[in-house]
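K.L.:
Structure supplied as run_1.cif; contents: mmCIF, C-alpha atoms and all ligand atoms.
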data_final
#
loop_
_atom_site.group_PDB
_atom_site.id
_atom_site.type_symbol
_atom_site.label_atom_id
_atom_site.label_comp_id
_atom_site.auth_asym_id
_atom_site.auth_seq_id
_atom_site.Cartn_x
_atom_site.Cartn_y
_atom_site.Cartn_z
ATOM 1 C CA MET A 1 -116.919 -128.518 -152.001
ATOM 2 C CA PRO A 2 -114.630 -125.571 -151.410
ATOM 3 C CA ASP A 3 -114.935 -122.456 -153.462
ATOM 4 C CA LYS A 4 -117.090 -123.777 -156.278
ATOM 5 C CA HIS A 5 -119.433 -120.911 -155.590
ATOM 6 C CA GLU A 6 -121.077 -118.494 -157.889
ATOM 7 C CA PRO A 7 -118.924 -115.452 -157.175
ATOM 8 C CA HIS A 8 -121.822 -113.096 -156.614
ATOM 9 C CA ASP A 9 -123.238 -115.218 -153.824
ATOM 10 C CA ASP A 10 -120.395 -114.340 -151.525
ATOM 11 C CA HIS A 11 -121.300 -110.732 -150.874
ATOM 12 C CA HIS A 12 -123.109 -111.521 -147.657
ATOM 13 C CA HIS A 13 -119.634 -111.922 -146.172
ATOM 14 C CA ASP A 14 -119.623 -108.163 -145.886
ATOM 15 C CA HIS A 15 -122.585 -107.948 -143.580
ATOM 16 C CA HIS A 16 -121.114 -109.744 -140.594
ATOM 17 C CA HIS A 17 -124.396 -111.397 -139.654
ATOM 18 C CA ASP A 18 -122.361 -114.417 -138.678
ATOM 19 C CA HIS A 19 -121.127 -112.856 -135.478
ATOM 20 C CA HIS A 20 -124.432 -111.760 -133.992
ATOM 21 C CA GLY A 21 -125.879 -115.124 -133.048
ATOM 22 C CA HIS A 22 -127.467 -114.993 -129.619
ATOM 23 C CA GLY A 23 -126.897 -118.067 -127.517
ATOM 24 C CA SER A 24 -125.972 -120.249 -130.496
ATOM 25 C CA GLU A 25 -122.623 -121.988 -130.641
ATOM 26 C CA LEU A 26 -122.768 -122.032 -134.419
ATOM 27 C CA SER A 27 -122.589 -119.104 -136.766
ATOM 28 C CA GLU A 28 -125.357 -118.461 -139.256
ATOM 29 C CA MET A 29 -123.084 -119.807 -141.981
ATOM 30 C CA GLN A 30 -122.329 -122.983 -140.056
ATOM 31 C CA LEU A 31 -126.043 -123.528 -139.410
ATOM 32 C CA ARG A 32 -126.820 -123.036 -143.082
ATOM 33 C CA VAL A 33 -124.081 -125.470 -144.113
ATOM 34 C CA ARG A 34 -125.275 -128.042 -141.599
ATOM 35 C CA ALA A 35 -128.887 -127.696 -142.787
ATOM 36 C CA LEU A 36 -127.834 -128.036 -146.417
ATOM 37 C CA GLU A 37 -125.710 -131.095 -145.680
ATOM 38 C CA THR A 38 -128.628 -132.707 -143.817
ATOM 39 C CA VAL A 39 -131.041 -132.148 -146.675
ATOM 40 C CA LEU A 40 -128.602 -133.397 -149.321
ATOM 41 C CA THR A 41 -127.768 -136.470 -147.252
ATOM 42 C CA GLU A 42 -131.419 -137.318 -146.564
ATOM 43 C CA LYS A 43 -132.212 -137.081 -150.258
ATOM 44 C CA GLY A 44 -129.267 -139.320 -151.076
ATOM 45 C CA TYR A 45 -127.295 -136.727 -153.043
ATOM 46 C CA VAL A 46 -124.211 -136.831 -150.879
ATOM 47 C CA ASP A 47 -122.431 -139.309 -148.665
ATOM 48 C CA PRO A 48 -121.489 -137.661 -145.354
ATOM 49 C CA ALA A 49 -118.322 -139.780 -145.180
ATOM 50 C CA SER A 50 -117.182 -138.336 -148.514
ATOM 51 C CA LEU A 51 -117.785 -134.808 -147.276
ATOM 52 C CA ASP A 52 -115.784 -135.586 -144.145
ATOM 53 C CA ARG A 53 -112.911 -136.868 -146.262
ATOM 54 C CA ILE A 54 -112.900 -133.711 -148.380
ATOM 55 C CA VAL A 55 -112.906 -131.453 -145.324
ATOM 56 C CA GLU A 56 -110.207 -133.545 -143.667
ATOM 57 C CA ALA A 57 -108.031 -133.392 -146.776
ATOM 58 C CA TYR A 58 -108.136 -129.600 -146.828
ATOM 59 C CA GLU A 59 -107.517 -129.399 -143.087
ATOM 60 C CA THR A 60 -104.631 -131.851 -142.895
ATOM 61 C CA ARG A 61 -103.150 -133.005 -146.186
ATOM 62 C CA ILE A 62 -103.601 -130.127 -148.622
ATOM 63 C CA GLY A 63 -101.716 -127.047 -147.562
ATOM 64 C CA PRO A 64 -98.997 -124.581 -148.470
ATOM 65 C CA HIS A 65 -96.373 -127.340 -148.231
ATOM 66 C CA ILE A 66 -97.607 -128.427 -151.683
ATOM 67 C CA GLY A 67 -97.056 -124.979 -153.174
ATOM 68 C CA ALA A 68 -93.685 -124.784 -151.413
ATOM 69 C CA ARG A 69 -92.526 -127.968 -153.143
ATOM 70 C CA VAL A 70 -93.662 -126.563 -156.477
ATOM 71 C CA VAL A 71 -91.709 -123.337 -155.916
ATOM 72 C CA ALA A 72 -88.608 -125.233 -154.764
ATOM 73 C CA ARG A 73 -88.733 -127.397 -157.889
ATOM 74 C CA ALA A 74 -89.025 -124.279 -160.042
ATOM 75 C CA TRP A 75 -86.001 -122.709 -158.322
ATOM 76 C CA ALA A 76 -83.941 -125.868 -158.752
ATOM 77 C CA ASP A 77 -85.023 -126.891 -162.248
ATOM 78 C CA PRO A 78 -85.204 -124.220 -164.996
ATOM 79 C CA ALA A 79 -87.064 -126.533 -167.396
ATOM 80 C CA PHE A 80 -89.757 -127.165 -164.782
ATOM 81 C CA LYS A 81 -89.960 -123.448 -164.057
ATOM 82 C CA GLN A 82 -90.634 -122.736 -167.709
ATOM 83 C CA LYS A 83 -93.390 -125.351 -167.787
ATOM 84 C CA LEU A 84 -94.855 -123.920 -164.587
ATOM 85 C CA LEU A 85 -95.011 -120.424 -166.047
ATOM 86 C CA GLU A 86 -96.565 -121.766 -169.255
ATOM 87 C CA ASP A 87 -99.246 -123.928 -167.599
ATOM 88 C CA ALA A 88 -99.097 -124.270 -163.841
ATOM 89 C CA SER A 89 -101.961 -126.769 -163.526
ATOM 90 C CA ARG A 90 -100.326 -129.169 -165.952
ATOM 91 C CA ALA A 91 -96.776 -128.712 -164.596
ATOM 92 C CA ILE A 92 -97.928 -129.453 -161.049
ATOM 93 C CA GLU A 93 -99.813 -132.533 -162.168
ATOM 94 C CA THR A 94 -96.559 -133.892 -163.642
ATOM 95 C CA MET A 95 -94.993 -133.685 -160.162
ATOM 96 C CA GLY A 96 -97.521 -136.206 -158.891
ATOM 97 C CA LEU A 97 -98.414 -134.016 -155.918
ATOM 98 C CA LYS A 98 -102.003 -133.729 -156.997
ATOM 99 C CA GLN A 99 -103.839 -136.006 -159.375
ATOM 100 C CA LYS A 100 -105.820 -133.121 -160.694
ATOM 101 C CA VAL A 101 -105.297 -129.422 -160.163
ATOM 102 C CA GLY A 102 -108.893 -128.528 -160.724
ATOM 103 C CA ASP A 103 -108.902 -124.914 -161.696
ATOM 104 C CA HIS A 104 -106.895 -123.029 -164.251
ATOM 105 C CA LEU A 105 -103.854 -122.173 -162.174
ATOM 106 C CA VAL A 106 -101.469 -119.439 -163.316
ATOM 107 C CA ALA A 107 -98.016 -118.950 -161.798
ATOM 108 C CA VAL A 108 -96.682 -115.393 -161.792
ATOM 109 C CA GLU A 109 -92.978 -114.832 -161.237
ATOM 110 C CA ASN A 110 -91.445 -112.207 -158.989
ATOM 111 C CA THR A 111 -88.294 -110.568 -160.342
ATOM 112 C CA PRO A 112 -86.052 -107.761 -159.086
ATOM 113 C CA THR A 113 -88.293 -105.305 -160.978
ATOM 114 C CA THR A 114 -91.769 -106.840 -160.581
ATOM 115 C CA HIS A 115 -93.603 -108.050 -157.491
ATOM 116 C CA ASN A 116 -96.885 -109.950 -157.811
ATOM 117 C CA MET A 117 -99.777 -110.148 -155.356
ATOM 118 C CA ILE A 118 -102.982 -112.144 -155.522
ATOM 119 C CA VAL A 119 -106.415 -111.179 -154.291
ATOM 120 C CA CYS A 120 -110.036 -111.939 -155.026
ATOM 121 C CA THR A 121 -111.717 -108.552 -155.084
ATOM 122 C CA LEU A 122 -115.189 -110.065 -155.482
ATOM 123 C CA CYS A 123 -115.105 -112.714 -152.769
ATOM 124 C CA SER A 124 -112.482 -115.266 -151.763
ATOM 125 C CA CYS A 125 -111.241 -117.309 -154.740
ATOM 126 C CA TYR A 126 -107.938 -118.888 -153.761
ATOM 127 C CA PRO A 127 -105.613 -121.619 -155.077
ATOM 128 C CA TRP A 128 -106.849 -124.287 -152.640
ATOM 129 C CA ASP A 129 -105.136 -127.108 -154.498
ATOM 130 C CA VAL A 130 -101.665 -125.788 -153.749
ATOM 131 C CA LEU A 131 -102.114 -123.563 -150.683
ATOM 132 C CA GLY A 132 -104.878 -125.289 -148.709
ATOM 133 C CA LEU A 133 -107.236 -123.213 -146.599
ATOM 134 C CA PRO A 134 -107.042 -119.439 -147.154
ATOM 135 C CA PRO A 135 -105.966 -117.164 -144.303
ATOM 136 C CA VAL A 136 -108.799 -115.207 -142.680
ATOM 137 C CA TRP A 137 -107.448 -111.847 -143.854
ATOM 138 C CA TYR A 138 -107.598 -112.966 -147.485
ATOM 139 C CA LYS A 139 -111.404 -112.783 -147.347
ATOM 140 C CA SER A 140 -111.502 -109.495 -145.459
ATOM 141 C CA THR A 141 -112.983 -106.414 -147.088
ATOM 142 C CA PRO A 142 -109.900 -104.241 -146.350
ATOM 143 C CA TYR A 143 -107.533 -106.687 -148.054
ATOM 144 C CA ARG A 144 -109.829 -107.167 -151.024
ATOM 145 C CA SER A 145 -110.380 -103.465 -151.623
ATOM 146 C CA ARG A 146 -107.022 -101.998 -150.617
ATOM 147 C CA SER A 147 -104.801 -104.488 -152.454
ATOM 148 C CA VAL A 148 -105.866 -103.008 -155.771
ATOM 149 C CA LYS A 149 -105.954 -99.348 -154.770
ATOM 150 C CA GLU A 150 -102.854 -99.171 -152.588
ATOM 151 C CA PRO A 151 -100.876 -102.412 -152.828
ATOM 152 C CA ARG A 152 -97.698 -100.819 -151.527
ATOM 153 C CA THR A 153 -99.443 -99.775 -148.314
ATOM 154 C CA VAL A 154 -100.925 -103.226 -147.874
ATOM 155 C CA LEU A 155 -97.486 -104.772 -148.349
ATOM 156 C CA ALA A 156 -96.092 -102.425 -145.713
ATOM 157 C CA ASP A 157 -98.823 -103.607 -143.328
ATOM 158 C CA PHE A 158 -97.532 -107.134 -143.913
ATOM 159 C CA GLY A 159 -93.968 -105.978 -143.206
ATOM 160 C CA VAL A 160 -92.833 -106.036 -146.818
ATOM 161 C CA THR A 161 -90.999 -102.983 -148.126
ATOM 162 C CA LEU A 162 -89.943 -103.039 -151.762
ATOM 163 C CA PRO A 163 -87.696 -100.640 -153.667
ATOM 164 C CA ALA A 164 -89.679 -97.618 -154.898
ATOM 165 C CA ASP A 165 -89.097 -98.536 -158.540
ATOM 166 C CA THR A 166 -90.428 -102.099 -158.182
ATOM 167 C CA THR A 167 -93.632 -102.550 -160.166
ATOM 168 C CA ILE A 168 -96.407 -104.216 -158.170
ATOM 169 C CA ARG A 169 -98.875 -106.268 -160.174
ATOM 170 C CA VAL A 170 -102.100 -107.355 -158.505
ATOM 171 C CA TRP A 171 -103.882 -110.386 -159.923
ATOM 172 C CA ASP A 172 -107.616 -110.714 -159.326
ATOM 173 C CA SER A 173 -108.625 -114.342 -158.891
ATOM 174 C CA THR A 174 -111.900 -115.775 -160.125
ATOM 175 C CA ALA A 175 -113.712 -119.070 -159.793
ATOM 176 C CA GLU A 176 -112.083 -120.096 -163.097
ATOM 177 C CA THR A 177 -108.568 -118.690 -162.795
ATOM 178 C CA ARG A 178 -106.405 -118.853 -159.687
ATOM 179 C CA PHE A 179 -102.887 -117.539 -159.214
ATOM 180 C CA ILE A 180 -99.802 -118.576 -157.291
ATOM 181 C CA VAL A 181 -96.808 -116.292 -156.883
ATOM 182 C CA LEU A 182 -93.376 -117.709 -157.642
ATOM 183 C CA PRO A 183 -91.267 -115.740 -155.160
ATOM 184 C CA MET A 184 -87.644 -114.821 -155.826
ATOM 185 C CA ARG A 185 -85.086 -117.363 -154.735
ATOM 186 C CA PRO A 186 -83.149 -115.996 -151.764
ATOM 187 C CA ASP A 187 -79.440 -115.295 -152.117
ATOM 188 C CA GLY A 188 -76.978 -117.714 -150.600
ATOM 189 C CA THR A 189 -78.981 -120.838 -151.426
ATOM 190 C CA ASP A 190 -76.920 -122.181 -154.319
ATOM 191 C CA GLY A 191 -76.722 -125.946 -154.328
ATOM 192 C CA TRP A 192 -79.490 -126.383 -151.752
ATOM 193 C CA SER A 193 -81.706 -129.456 -152.101
ATOM 194 C CA GLU A 194 -85.343 -128.988 -153.071
ATOM 195 C CA GLU A 195 -86.354 -130.059 -149.594
ATOM 196 C CA ARG A 196 -84.191 -127.393 -148.014
ATOM 197 C CA LEU A 197 -85.391 -124.787 -150.503
ATOM 198 C CA ALA A 198 -89.037 -125.675 -149.826
ATOM 199 C CA ALA A 199 -88.548 -124.744 -146.164
ATOM 200 C CA LEU A 200 -87.899 -121.160 -147.304
ATOM 201 C CA VAL A 201 -91.244 -120.845 -149.066
ATOM 202 C CA THR A 202 -93.950 -119.384 -146.848
ATOM 203 C CA ARG A 203 -97.651 -119.332 -147.634
ATOM 204 C CA ASP A 204 -97.636 -115.537 -147.754
ATOM 205 C CA SER A 205 -94.727 -115.523 -150.205
ATOM 206 C CA MET A 206 -96.955 -117.482 -152.609
ATOM 207 C CA ILE A 207 -99.815 -114.975 -152.128
ATOM 208 C CA GLY A 208 -97.401 -112.097 -152.562
ATOM 209 C CA THR A 209 -97.945 -110.565 -149.123
ATOM 210 C CA GLY A 210 -94.576 -111.892 -148.026
ATOM 211 C CA LEU A 211 -91.158 -112.841 -149.327
ATOM 212 C CA ALA A 212 -89.390 -116.167 -149.098
ATOM 213 C CA LYS A 213 -87.338 -116.607 -145.932
ATOM 214 C CA THR A 214 -83.696 -115.696 -146.192
ATOM 215 C CA ALA A 215 -81.021 -118.341 -145.841
ATOM 216 C CA ALA A 216 -80.157 -116.871 -142.442
ATOM 217 C CA GLU A 217 -83.787 -117.055 -141.269
ATOM 218 C CA ALA A 218 -83.995 -120.670 -142.374
ATOM 219 C CA ASN A 219 -80.830 -121.560 -140.510
ATOM 220 C CA ALA A 220 -82.088 -119.805 -137.377
ATOM 221 C CA GLY A 221 -85.403 -121.672 -137.657
ATOM 222 C CA ALA A 222 -83.565 -124.978 -137.969
ATOM 223 C CA GLY A 223 -81.659 -124.211 -134.785
ATOM 224 C CA ALA A 224 -78.355 -124.170 -136.646
HETATM 225 FE FE FE A 301 -113.796 -115.436 -154.956
#
Render the structure in this file as structure tokens.
P.N.:
Amino acid sequence: MPDKHEPHDDHHHDHHHDHHGHGSELSEMQLRVRALETVLTEKGYVDPASLDRIVEAYETRIGPHIGARVVARAWADPAFKQKLLEDASRAIETMGLKQKVGDHLVAVENTPTTHNMIVCTLCSCYPWDVLGLPPVWYKSTPYRSRSVKEPRTVLADFGVTLPADTTIRVWDSTAETRFIVLPMRPDGTDGWSEERLAALVTRDSMIGTGLAKTAAEANAGAGA
């Protein structure tokens, strides 16, 4: 099950043992997971088909397109946006995109004066339910440590330059509380359908390491 870990167990990520296997196709982590799955299956605790379905869901069906639809709805519908900011888990459940948004999800809104970023400084907690699998860099030690100390530099590394007087707020995720950034709606998108708006919402814009695409970028991407 993704990310239901005890946070402190994740520190071995730092040691990079995984990449020193000699002659093995599988990393140490993959071997451990396989061994654990075998034991649990043999003892009748888990059904391998169920595990496969969970993995498949996160690889194919659950992804940032879900978060993008949530953001587009919030841009298009002020009442929904208010509900999202009050209780994101519950608001998203009312959209019928997910039967249950498992963790306490908090939406944080970007404005002209405040930019939000999410990180898990301890390990890799991430809003799986709405963004799917986390990008590799999200779990990296540089991202986890530098986002808090020098967020503006990290944003620059991601190609995002904000006005000097913009406040940057960094939200530290935990196993209990996850965050999703509600990016600013791009100019020139008045009257757009939710579907068209959703195409502007990138994964990184919902982590805060990017901005939503501009209307011009969207039109270029659509070949218009
Ligand atoms: Fe974590």
K.L.:
Taking into account all atoms listed in the file, which residue in the set A:Arg203, A:Arg144, A:Arg169, A:Lys149 is nearest to ligand FE 301 (chain A)?
P.N.:
A:Arg144
K.L.:
Around segment 139-148 of chain A, fit a box with edges along x, y and z, padding it by 6 Å on each side, then list its centre and edge lengths in Å to one decimal as AutoDock Vina command-line options.
P.N.:
--center_x -108.9 --center_y -107.4 --center_z -150.6 --size_x 20.2 --size_y 22.8 --size_z 22.3
K.L.:
Nearest residue to ligand FE 301 (chain A) out of A:Leu155, A:Ala72, A:Ala215, A:Cys120, using all atoms listed in the file?
P.N.:
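Residue with the minimum atom-to-atom distance to ligand FE 301 (chain A): A:Cys120.
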K.L.:
Residues proximal to (-84.5, -128.8, -154.7) were defined as those with any atom within 9 Å of that point in the file's coordinates, counting only C-alpha atoms. Which are they, as a list in words?
P.N.:
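Within 9 Å of (-84.5, -128.8, -154.7), the protein and nucleic acid residues are Arg69, Ala72, Arg73, Ala74, Trp75, Ala76, Asp77, Gly191, Trp192, Ser193, Glu194, Glu195, Arg196, Leu197 and Ala198 of chain A.
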K.L.:
Calculate how many Å separate atom CA of Val170 of chain A from atom CA of Leu122 of chain A, rounding to one decimal.
P.N.:
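Computed distance, atom CA of Val170 of chain A to atom CA of Leu122 of chain A, equals 13.7 Å.
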K.L.:
Give as a PyMOL selection string the residues that the PyMOL selection byres (((not hetatm)) within 6 of (chain A and resi 301)) matches when applied to the coordinates above.
P.N.:
chain A and resi 7+120+122-125+174
K.L.:
Output C-alpha atoms for every residue in that selection, as a PDB file, in the coordinates of the input.
P.N.:
ATOM      1  CA  PRO A   7    -118.924-115.452-157.175  1.00  0.00           C
ATOM      2  CA  CYS A 120    -110.036-111.939-155.026  1.00  0.00           C
ATOM      3  CA  LEU A 122    -115.189-110.065-155.482  1.00  0.00           C
ATOM      4  CA  CYS A 123    -115.105-112.714-152.769  1.00  0.00           C
ATOM      5  CA  SER A 124    -112.482-115.266-151.763  1.00  0.00           C
ATOM      6  CA  CYS A 125    -111.241-117.309-154.740  1.00  0.00           C
ATOM      7  CA  THR A 174    -111.900-115.775-160.125  1.00  0.00           C
TER       8      THR A 174
END
K.L.:
Separation of atom CA of Val108 of chain A and atom CA of Ile180 of chain A, in Å?
P.N.:
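If I compute the distance from atom CA of Val108 of chain A to atom CA of Ile180 of chain A, I get 6.3 Å.
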K.L.:
Go ahead and find all residues with at least one atom no further than 12 Å from (-87.3, -117.8, -145.2) in the file's coordinates, using all atoms listed in the file; report them as a VMD selection string.
P.N.:
chain A and resid 68 183 to 189 196 to 205 210 to 222
K.L.:
Can you work out the spacing between atom CA of Ile54 of chain A and atom CA of Leu97 of chain A in Å, to one decimal?
P.N.:
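Computing it gives 16.3 Å between the two atoms.
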K.L.:
So which residues get picked by the PyMOL selection byres (((chain A and resi 105) around 7) and not hetatm) here, written as a VMD selection string?
P.N.:
chain A and resid 88 to 89 103 to 104 106 to 107 177 to 179
